$ cat start-v8.pdb   # PDB, C-alpha atoms, pLDDT in the B column
ATOM      1  CA  MET A   1      -8.712  25.103   8.462  1.00 83.00           C
ATOM      2  CA  GLU A   2     -11.258  22.625   7.067  1.00 79.00           C
ATOM      3  CA  THR A   3      -9.064  19.621   6.231  1.00 77.00           C
ATOM      4  CA  LYS A   4     -12.000  17.406   5.197  1.00 74.00           C
ATOM      5  CA  ILE A   5     -11.880  18.991   1.734  1.00 83.00           C
ATOM      6  CA  LEU A   6      -8.632  17.057   1.184  1.00 77.00           C
ATOM      7  CA  ARG A   7     -10.734  13.904   0.966  1.00 72.00           C
ATOM      8  CA  ASN A   8     -12.082  15.186  -2.354  1.00 81.00           C
ATOM      9  CA  ILE A   9      -8.660  14.896  -3.995  1.00 85.00           C
ATOM     10  CA  SER A  10      -8.578  11.939  -6.381  1.00 86.00           C
ATOM     11  CA  TYR A  11      -6.023   9.145  -5.905  1.00 91.00           C
ATOM     12  CA  GLY A  12      -5.173   5.778  -7.337  1.00 94.00           C
ATOM     13  CA  VAL A  13      -3.793   2.741  -5.491  1.00 94.00           C
ATOM     14  CA  TYR A  14      -0.375   1.348  -6.407  1.00 97.00           C
ATOM     15  CA  LEU A  15       2.268  -1.145  -5.298  1.00 98.00           C
ATOM     16  CA  VAL A  16       5.803   0.223  -5.296  1.00 98.00           C
ATOM     17  CA  SER A  17       8.727  -2.200  -4.987  1.00 98.00           C
ATOM     18  CA  SER A  18      12.514  -2.023  -4.998  1.00 98.00           C
ATOM     19  CA  ASN A  19      15.620  -4.118  -4.321  1.00 98.00           C
ATOM     20  CA  ASP A  20      19.056  -3.376  -2.937  1.00 97.00           C
ATOM     21  CA  ASN A  21      21.720  -6.056  -2.503  1.00 95.00           C
ATOM     22  CA  ASP A  22      19.078  -8.790  -2.749  1.00 95.00           C
ATOM     23  CA  ILE A  23      16.870  -7.119  -0.122  1.00 97.00           C
ATOM     24  CA  ASP A  24      13.282  -6.899  -1.403  1.00 98.00           C
ATOM     25  CA  ALA A  25      10.905  -4.198  -0.236  1.00 98.00           C
ATOM     26  CA  GLY A  26       7.454  -3.080  -1.258  1.00 98.00           C
ATOM     27  CA  CYS A  27       4.483  -1.099  -0.037  1.00 96.00           C
ATOM     28  CA  VAL A  28       1.156   0.424  -1.057  1.00 94.00           C
ATOM     29  CA  ILE A  29       1.056   4.063  -2.126  1.00 95.00           C
ATOM     30  CA  ASN A  30      -1.668   6.376  -3.383  1.00 92.00           C
ATOM     31  CA  THR A  31       0.479   9.275  -4.603  1.00 93.00           C
ATOM     32  CA  LEU A  32       1.709   8.648  -8.125  1.00 96.00           C
ATOM     33  CA  THR A  33       1.685  11.651 -10.463  1.00 96.00           C
ATOM     34  CA  GLN A  34       2.892  12.041 -14.029  1.00 97.00           C
ATOM     35  CA  ILE A  35       4.918  15.248 -14.317  1.00 97.00           C
ATOM     36  CA  THR A  36       6.042  15.262 -17.972  1.00 97.00           C
ATOM     37  CA  SER A  37       5.038  13.338 -21.089  1.00 92.00           C
ATOM     38  CA  GLU A  38       8.270  13.493 -23.103  1.00 91.00           C
ATOM     39  CA  GLY A  39      10.921  11.320 -21.491  1.00 92.00           C
ATOM     40  CA  PRO A  40       8.220  10.883 -18.868  1.00 97.00           C
ATOM     41  CA  LEU A  41       8.850  11.931 -15.297  1.00 98.00           C
ATOM     42  CA  VAL A  42       6.659  10.786 -12.405  1.00 98.00           C
ATOM     43  CA  SER A  43       6.638  11.488  -8.692  1.00 98.00           C
ATOM     44  CA  ILE A  44       5.679   9.383  -5.689  1.00 98.00           C
ATOM     45  CA  SER A  45       5.480  10.214  -1.989  1.00 96.00           C
ATOM     46  CA  LEU A  46       6.819   7.913   0.738  1.00 95.00           C
ATOM     47  CA  ASN A  47       7.023   8.292   4.500  1.00 93.00           C
ATOM     48  CA  LYS A  48      10.659   8.622   5.603  1.00 93.00           C
ATOM     49  CA  GLU A  49      10.120   5.830   8.147  1.00 91.00           C
ATOM     50  CA  ASN A  50       8.978   3.444   5.426  1.00 93.00           C
ATOM     51  CA  TYR A  51      11.542   0.697   4.789  1.00 96.00           C
ATOM     52  CA  THR A  52      10.753   0.744   1.065  1.00 97.00           C
ATOM     53  CA  SER A  53      11.774   4.403   0.985  1.00 96.00           C
ATOM     54  CA  GLU A  54      15.131   3.457   2.521  1.00 96.00           C
ATOM     55  CA  ILE A  55      15.716   0.779  -0.123  1.00 98.00           C
ATOM     56  CA  ILE A  56      14.764   3.118  -2.991  1.00 98.00           C
ATOM     57  CA  LYS A  57      17.198   5.760  -1.752  1.00 97.00           C
ATOM     58  CA  LYS A  58      19.981   3.181  -1.840  1.00 97.00           C
ATOM     59  CA  SER A  59      19.134   1.508  -5.144  1.00 98.00           C
ATOM     60  CA  ARG A  60      17.860   4.646  -6.957  1.00 98.00           C
ATOM     61  CA  LYS A  61      15.393   2.460  -8.831  1.00 98.00           C
ATOM     62  CA  PHE A  62      11.841   1.206  -8.265  1.00 98.00           C
ATOM     63  CA  ILE A  63       8.791  -0.255  -9.990  1.00 98.00           C
ATOM     64  CA  VAL A  64       5.216   0.943  -9.599  1.00 98.00           C
ATOM     65  CA  ALA A  65       2.455  -1.599 -10.316  1.00 98.00           C
ATOM     66  CA  ILE A  66      -1.008  -0.194 -11.009  1.00 98.00           C
ATOM     67  CA  ILE A  67      -3.596  -2.058  -8.923  1.00 97.00           C
ATOM     68  CA  ASN A  68      -6.899  -3.054 -10.518  1.00 97.00           C
ATOM     69  CA  GLU A  69     -10.294  -3.673  -8.915  1.00 95.00           C
ATOM     70  CA  LYS A  70      -9.923  -7.473  -9.064  1.00 94.00           C
ATOM     71  CA  ILE A  71      -6.880  -7.648  -6.792  1.00 93.00           C
ATOM     72  CA  ASN A  72      -6.930  -9.952  -3.782  1.00 90.00           C
ATOM     73  CA  PRO A  73      -7.505  -7.525  -0.838  1.00 84.00           C
ATOM     74  CA  ASN A  74      -4.991  -9.527   1.209  1.00 85.00           C
ATOM     75  CA  ILE A  75      -2.249  -8.257  -1.108  1.00 91.00           C
ATOM     76  CA  ILE A  76      -3.121  -4.689  -0.121  1.00 89.00           C
ATOM     77  CA  SER A  77      -3.224  -5.670   3.548  1.00 84.00           C
ATOM     78  CA  THR A  78       0.165  -7.409   3.341  1.00 89.00           C
ATOM     79  CA  PHE A  79       1.914  -4.602   1.478  1.00 93.00           C
ATOM     80  CA  GLY A  80       0.146  -1.836   3.382  1.00 89.00           C
ATOM     81  CA  PHE A  81       0.267  -3.036   6.977  1.00 85.00           C
ATOM     82  CA  THR A  82       3.419  -5.133   7.380  1.00 85.00           C
ATOM     83  CA  SER A  83       7.088  -4.174   7.133  1.00 88.00           C
ATOM     84  CA  SER A  84       9.513  -5.563   4.555  1.00 93.00           C
ATOM     85  CA  LYS A  85      12.112  -5.581   7.330  1.00 92.00           C
ATOM     86  CA  ASP A  86      10.576  -8.682   8.863  1.00 89.00           C
ATOM     87  CA  THR A  87       8.087  -9.971   6.271  1.00 90.00           C
ATOM     88  CA  ASP A  88       8.561 -11.531   2.841  1.00 95.00           C
ATOM     89  CA  LYS A  89       5.608  -9.754   1.285  1.00 95.00           C
ATOM     90  CA  PHE A  90       5.937 -11.482  -2.082  1.00 97.00           C
ATOM     91  CA  LYS A  91       6.036 -15.146  -1.027  1.00 95.00           C
ATOM     92  CA  ASP A  92       2.281 -15.838  -1.130  1.00 93.00           C
ATOM     93  CA  TYR A  93       1.530 -14.013  -4.395  1.00 96.00           C
ATOM     94  CA  ASN A  94       2.416 -14.194  -8.082  1.00 97.00           C
ATOM     95  CA  TYR A  95       5.191 -11.906  -9.241  1.00 98.00           C
ATOM     96  CA  GLU A  96       7.833 -11.495 -11.906  1.00 98.00           C
ATOM     97  CA  VAL A  97      11.349 -10.140 -11.576  1.00 98.00           C
ATOM     98  CA  VAL A  98      12.262  -7.105 -13.665  1.00 98.00           C
ATOM     99  CA  ASP A  99      15.768  -5.624 -13.393  1.00 96.00           C
ATOM    100  CA  ASN A 100      16.208  -7.597 -10.160  1.00 97.00           C
ATOM    101  CA  ILE A 101      13.043  -6.049  -8.690  1.00 98.00           C
ATOM    102  CA  LYS A 102      10.000  -8.159  -7.849  1.00 98.00           C
ATOM    103  CA  VAL A 103       6.683  -6.838  -9.145  1.00 98.00           C
ATOM    104  CA  ILE A 104       3.258  -8.297  -8.328  1.00 98.00           C
ATOM    105  CA  ASN A 105       1.503  -9.401 -11.530  1.00 97.00           C
ATOM    106  CA  GLU A 106      -1.824 -10.607 -10.096  1.00 97.00           C
ATOM    107  CA  GLY A 107      -4.523  -8.000  -9.632  1.00 97.00           C
ATOM    108  CA  THR A 108      -2.465  -5.335 -11.409  1.00 98.00           C
ATOM    109  CA  CYS A 109      -2.879  -3.630 -14.785  1.00 98.00           C
ATOM    110  CA  GLY A 110       0.826  -3.311 -15.502  1.00 98.00           C
ATOM    111  CA  TYR A 111       3.880  -1.475 -14.234  1.00 98.00           C
ATOM    112  CA  LEU A 112       6.353   1.393 -14.663  1.00 98.00           C
ATOM    113  CA  VAL A 113      10.094   0.903 -14.191  1.00 98.00           C
ATOM    114  CA  CYS A 114      11.560   4.102 -12.738  1.00 98.00           C
ATOM    115  CA  GLU A 115      15.001   5.561 -12.046  1.00 98.00           C
ATOM    116  CA  VAL A 116      15.298   8.203  -9.329  1.00 98.00           C
ATOM    117  CA  GLU A 117      16.329  11.670 -10.531  1.00 98.00           C
ATOM    118  CA  ASN A 118      15.663  13.798  -7.461  1.00 98.00           C
ATOM    119  CA  ILE A 119      14.360  13.518  -3.908  1.00 98.00           C
ATOM    120  CA  VAL A 120      12.571  16.452  -2.274  1.00 97.00           C
ATOM    121  CA  ASP A 121      12.415  16.667   1.516  1.00 96.00           C
ATOM    122  CA  ALA A 122       8.800  17.173   2.629  1.00 96.00           C
ATOM    123  CA  LYS A 123       9.361  16.828   6.399  1.00 94.00           C
ATOM    124  CA  THR A 124       7.631  13.527   7.248  1.00 93.00           C
ATOM    125  CA  HIS A 125       7.731  12.329   3.638  1.00 95.00           C
ATOM    126  CA  ASP A 126      10.082  12.262   0.668  1.00 96.00           C
ATOM    127  CA  ILE A 127       8.811  13.248  -2.749  1.00 97.00           C
ATOM    128  CA  ILE A 128      10.705  11.040  -5.172  1.00 98.00           C
ATOM    129  CA  ILE A 129      10.933  12.289  -8.752  1.00 98.00           C
ATOM    130  CA  ALA A 130      11.875   9.577 -11.238  1.00 98.00           C
ATOM    131  CA  ARG A 131      12.162   8.946 -14.947  1.00 98.00           C
ATOM    132  CA  VAL A 132      10.117   6.117 -16.484  1.00 98.00           C
ATOM    133  CA  ILE A 133      12.543   3.906 -18.413  1.00 98.00           C
ATOM    134  CA  ASP A 134      10.263   0.971 -19.216  1.00 98.00           C
ATOM    135  CA  THR A 135       6.631  -0.109 -18.950  1.00 97.00           C
ATOM    136  CA  LYS A 136       4.491  -3.199 -19.353  1.00 98.00           C
ATOM    137  CA  LYS A 137       0.724  -3.635 -19.657  1.00 98.00           C
ATOM    138  CA  TYR A 138      -0.859  -6.829 -18.348  1.00 97.00           C
ATOM    139  CA  ASN A 139      -4.561  -6.285 -19.079  1.00 97.00           C
ATOM    140  CA  ASP A 140      -7.428  -3.827 -19.577  1.00 97.00           C
ATOM    141  CA  GLU A 141      -8.961  -4.286 -16.132  1.00 97.00           C
ATOM    142  CA  VAL A 142     -10.294  -1.185 -14.376  1.00 97.00           C
ATOM    143  CA  GLU A 143      -7.625   0.469 -12.252  1.00 97.00           C
ATOM    144  CA  MET A 144      -8.513   0.860  -8.585  1.00 95.00           C
ATOM    145  CA  THR A 145      -9.203   4.329  -7.232  1.00 93.00           C
ATOM    146  CA  TYR A 146      -8.774   5.309  -3.612  1.00 86.00           C
ATOM    147  CA  ARG A 147     -12.528   5.940  -3.404  1.00 85.00           C
ATOM    148  CA  TYR A 148     -13.185   2.360  -4.547  1.00 86.00           C
ATOM    149  CA  TYR A 149     -10.661   1.073  -2.000  1.00 82.00           C
ATOM    150  CA  HIS A 150     -12.444   2.902   0.827  1.00 75.00           C
ATOM    151  CA  GLU A 151     -16.081   2.479  -0.199  1.00 79.00           C
ATOM    152  CA  VAL A 152     -16.141  -0.993  -1.793  1.00 77.00           C
ATOM    153  CA  ILE A 153     -13.248  -2.879  -0.199  1.00 69.00           C
ATOM    154  CA  LYS A 154     -13.743  -0.905   3.053  1.00 65.00           C
ATOM    155  CA  GLY A 155      -9.991  -0.446   3.389  1.00 64.00           C
ATOM    156  CA  ARG A 156      -8.202   2.213   5.415  1.00 62.00           C
ATOM    157  CA  ALA A 157      -4.964   4.142   4.962  1.00 63.00           C
ATOM    158  CA  PRO A 158      -1.963   2.854   6.950  1.00 60.00           C
ATOM    159  CA  LYS A 159      -0.399   5.179   9.535  1.00 56.00           C
ATOM    160  CA  LYS A 160       2.514   6.142   7.280  1.00 58.00           C
ATOM    161  CA  ALA A 161       0.281   7.171   4.372  1.00 58.00           C
ATOM    162  CA  PRO A 162      -0.126  10.893   3.652  1.00 60.00           C
ATOM    163  CA  THR A 163      -3.913  10.413   3.755  1.00 56.00           C
ATOM    164  CA  TYR A 164      -3.976   8.553   7.109  1.00 51.00           C
ATOM    165  CA  GLU A 165      -6.854   9.333   9.462  1.00 57.00           C
ATOM    166  CA  GLU A 166      -7.005   8.047  13.015  1.00 54.00           C
ATOM    167  CA  VAL A 167      -9.570   5.289  13.628  1.00 49.00           C
ATOM    168  CA  GLU A 168     -10.577   4.649  17.183  1.00 47.00           C
ATOM    169  CA  GLU A 169     -10.770   1.169  18.643  1.00 47.00           C
ATOM    170  CA  SER A 170     -14.162  -0.260  19.428  1.00 46.00           C
ATOM    171  CA  LYS A 171     -15.703   1.483  22.442  1.00 47.00           C
ATOM    172  CA  THR A 172     -17.693  -1.603  23.404  1.00 48.00           C
ATOM    173  CA  THR A 173     -16.569  -3.446  26.525  1.00 56.00           C
ATOM    174  CA  GLY A 174     -17.511  -6.974  25.620  1.00 65.00           C
ATOM    175  CA  LYS A 175     -16.998 -10.546  26.589  1.00 82.00           C
ATOM    176  CA  TYR A 176     -14.575 -11.252  23.732  1.00 87.00           C
ATOM    177  CA  LYS A 177     -11.521  -9.304  22.596  1.00 88.00           C
ATOM    178  CA  TYR A 178      -9.829  -9.747  19.213  1.00 89.00           C
ATOM    179  CA  VAL A 179      -6.738  -8.170  17.671  1.00 85.00           C
ATOM    180  CA  CYS A 180      -5.806  -7.900  13.977  1.00 85.00           C
ATOM    181  CA  ASP A 181      -2.361  -9.384  13.347  1.00 79.00           C
ATOM    182  CA  LEU A 182      -1.754  -7.029  10.407  1.00 75.00           C
ATOM    183  CA  CYS A 183      -2.519  -3.579  11.771  1.00 75.00           C
ATOM    184  CA  GLY A 184      -3.139  -4.138  15.500  1.00 72.00           C
ATOM    185  CA  TYR A 185      -6.779  -3.005  15.478  1.00 77.00           C
ATOM    186  CA  ILE A 186      -8.608  -4.244  18.592  1.00 81.00           C
ATOM    187  CA  ILE A 187     -12.307  -4.950  18.892  1.00 86.00           C
ATOM    188  CA  GLU A 188     -14.310  -6.036  21.929  1.00 87.00           C
ATOM    189  CA  THR A 189     -17.680  -7.693  21.443  1.00 88.00           C
ATOM    190  CA  ASP A 190     -20.309  -9.609  23.389  1.00 88.00           C
ATOM    191  CA  GLU A 191     -20.432 -12.296  20.691  1.00 87.00           C
ATOM    192  CA  GLU A 192     -17.902 -14.403  18.824  1.00 89.00           C
ATOM    193  CA  LEU A 193     -16.456 -12.525  15.848  1.00 90.00           C
ATOM    194  CA  PRO A 194     -18.422 -13.600  12.726  1.00 92.00           C
ATOM    195  CA  ALA A 195     -16.696 -15.362   9.830  1.00 92.00           C
ATOM    196  CA  ASP A 196     -17.404 -12.455   7.445  1.00 92.00           C
ATOM    197  CA  PHE A 197     -15.936  -9.780   9.727  1.00 91.00           C
ATOM    198  CA  VAL A 198     -13.541  -7.367   8.002  1.00 87.00           C
ATOM    199  CA  CYS A 199     -11.049  -5.150   9.814  1.00 85.00           C
ATOM    200  CA  PRO A 200     -12.262  -1.527   9.586  1.00 75.00           C
ATOM    201  CA  LEU A 201      -8.682  -0.266   9.657  1.00 68.00           C
ATOM    202  CA  CYS A 202      -6.757  -2.399   7.142  1.00 76.00           C
ATOM    203  CA  GLY A 203      -9.457  -4.478   5.421  1.00 75.00           C
ATOM    204  CA  ALA A 204      -8.066  -7.840   6.601  1.00 81.00           C
ATOM    205  CA  ASP A 205     -10.540 -10.730   6.815  1.00 87.00           C
ATOM    206  CA  ARG A 206     -11.542 -12.765   9.885  1.00 91.00           C
ATOM    207  CA  THR A 207      -8.563 -15.133   9.587  1.00 91.00           C
ATOM    208  CA  HIS A 208      -6.253 -12.316  10.682  1.00 88.00           C
ATOM    209  CA  PHE A 209      -8.030 -11.833  14.021  1.00 90.00           C
ATOM    210  CA  THR A 210      -6.844 -13.628  17.148  1.00 89.00           C
ATOM    211  CA  LYS A 211      -8.783 -13.859  20.393  1.00 87.00           C
ATOM    212  CA  VAL A 212      -6.880 -12.414  23.373  1.00 85.00           C
ATOM    213  CA  ASP A 213      -7.541 -12.434  27.082  1.00 73.00           C
TER     214      ASP A 213
END

$ encode --input "start-v8.pdb" --output "structure tokens"
Amino acid sequence: METKILRNISYGVYLVSSNDNDIDAGCVINTLTQITSEGPLVSISLNKENYTSEIIKKSRKFIVAIINEKINPNIISTFGFTSSKDTDKFKDYNYEVVDNIKVINEGTCGYLVCEVENIVDAKTHDIIIARVIDTKKYNDEVEMTYRYYHEVIKGRAPKKAPTYEEVEESKTTGKYKYVCDLCGYIIETDEELPADFVCPLCGADRTHFTKVD
């Protein structure tokens, strides 16, 4: 089976967030689909191991923020490559609180407030079907597509994403070895890592790389 054709499917890039008993969680997704227009229903897909999925199942409510092309790439790195179990993903960015759920309002076009109606078991992932109960538009900026994320920002899909593809570590055996503190990508090079280096796996900038022995 030629799976490369799957790369031709169009996606957007979104931030989904939820809250349960004052526990905040959020992550990046690329699978948001509108199912109906009247009393609109949407669906999202989340890996079962994703902590945000666990919180949504408990609270039965979530917010999806639509990312635009002007977003700070570090927001995508933070929400895509760290866990809400041990990281306060919201603390360094602007957000508002809607129905007790934090939603990032910088680099986003607006949001959908959703209540869960059904959850479909898809083996590694859950397909969450939800009704849109409220919306807000922030601006008319261009929404980010997954193609833009890959080709312009040079970002990659995290391991728990349905579109994840394995990326090998650098094959070079060099004098210096660096590791990305967001996604764990390791690179070995004969020269110091340049200031403009960007992680090929998660898109993090040079400040996220630490030299190791």

$ residues_near_point --input "start-v8.pdb" --point "(-1.9, 1.4, -7.6)" --cutoff "6 Å" --atoms "only C-alpha atoms" --output "ChimeraX atom specification"
/A:12-15,65-67

$ write_last_selection --input "start-v8.pdb" --atoms "C-alpha atoms" --output "PDB file, keeping the file's coordinate frame"
ATOM      1  CA  GLY A  12      -5.173   5.778  -7.337  1.00 94.00           C
ATOM      2  CA  VAL A  13      -3.793   2.741  -5.491  1.00 94.00           C
ATOM      3  CA  TYR A  14      -0.375   1.348  -6.407  1.00 97.00           C
ATOM      4  CA  LEU A  15       2.268  -1.145  -5.298  1.00 98.00           C
ATOM      5  CA  ALA A  65       2.455  -1.599 -10.316  1.00 98.00           C
ATOM      6  CA  ILE A  66      -1.008  -0.194 -11.009  1.00 98.00           C
ATOM      7  CA  ILE A  67      -3.596  -2.058  -8.923  1.00 97.00           C
TER       8      ILE A  67
END

$ atom_distance --input "start-v8.pdb" --atom1 "CA of Lys177 in chain A" --atom2 "CA of Val152 in chain A"
26.2 Å

$ atom_distance --input "start-v8.pdb" --atom1 "CA of Phe81 in chain A" --atom2 "CA of Ile187 in chain A"
17.4 Å

$ resolve_selection --input "start-v8.pdb" --expression "the PyMOL selection byres ((chain A and resi 45-50) around 8)" --output "number ranges by chain"
A: 29, 31-32, 43-44, 51-54, 124-128, 160-162

$ write_last_selection --input "start-v8.pdb" --atoms "C-alpha atoms" --output "short mmCIF file (atom, residue, chain, number, x, y, z; two decimals), in the frame of the given file"
data_model
loop_
_atom_site.label_atom_id
_atom_site.label_comp_id
_atom_site.auth_asym_id
_atom_site.auth_seq_id
_atom_site.Cartn_x
_atom_site.Cartn_y
_atom_site.Cartn_z
CA ILE A 29 1.06 4.06 -2.13
CA THR A 31 0.48 9.28 -4.60
CA LEU A 32 1.71 8.65 -8.12
CA SER A 43 6.64 11.49 -8.69
CA ILE A 44 5.68 9.38 -5.69
CA TYR A 51 11.54 0.70 4.79
CA THR A 52 10.75 0.74 1.06
CA SER A 53 11.77 4.40 0.98
CA GLU A 54 15.13 3.46 2.52
CA THR A 124 7.63 13.53 7.25
CA HIS A 125 7.73 12.33 3.64
CA ASP A 126 10.08 12.26 0.67
CA ILE A 127 8.81 13.25 -2.75
CA ILE A 128 10.70 11.04 -5.17
CA LYS A 160 2.51 6.14 7.28
CA ALA A 161 0.28 7.17 4.37
CA PRO A 162 -0.13 10.89 3.65
#

$ atom_distance --input "start-v8.pdb" --atom1 "CA of Ile63 in chain A" --atom2 "CA of Asp86 in chain A"
20.7 Å
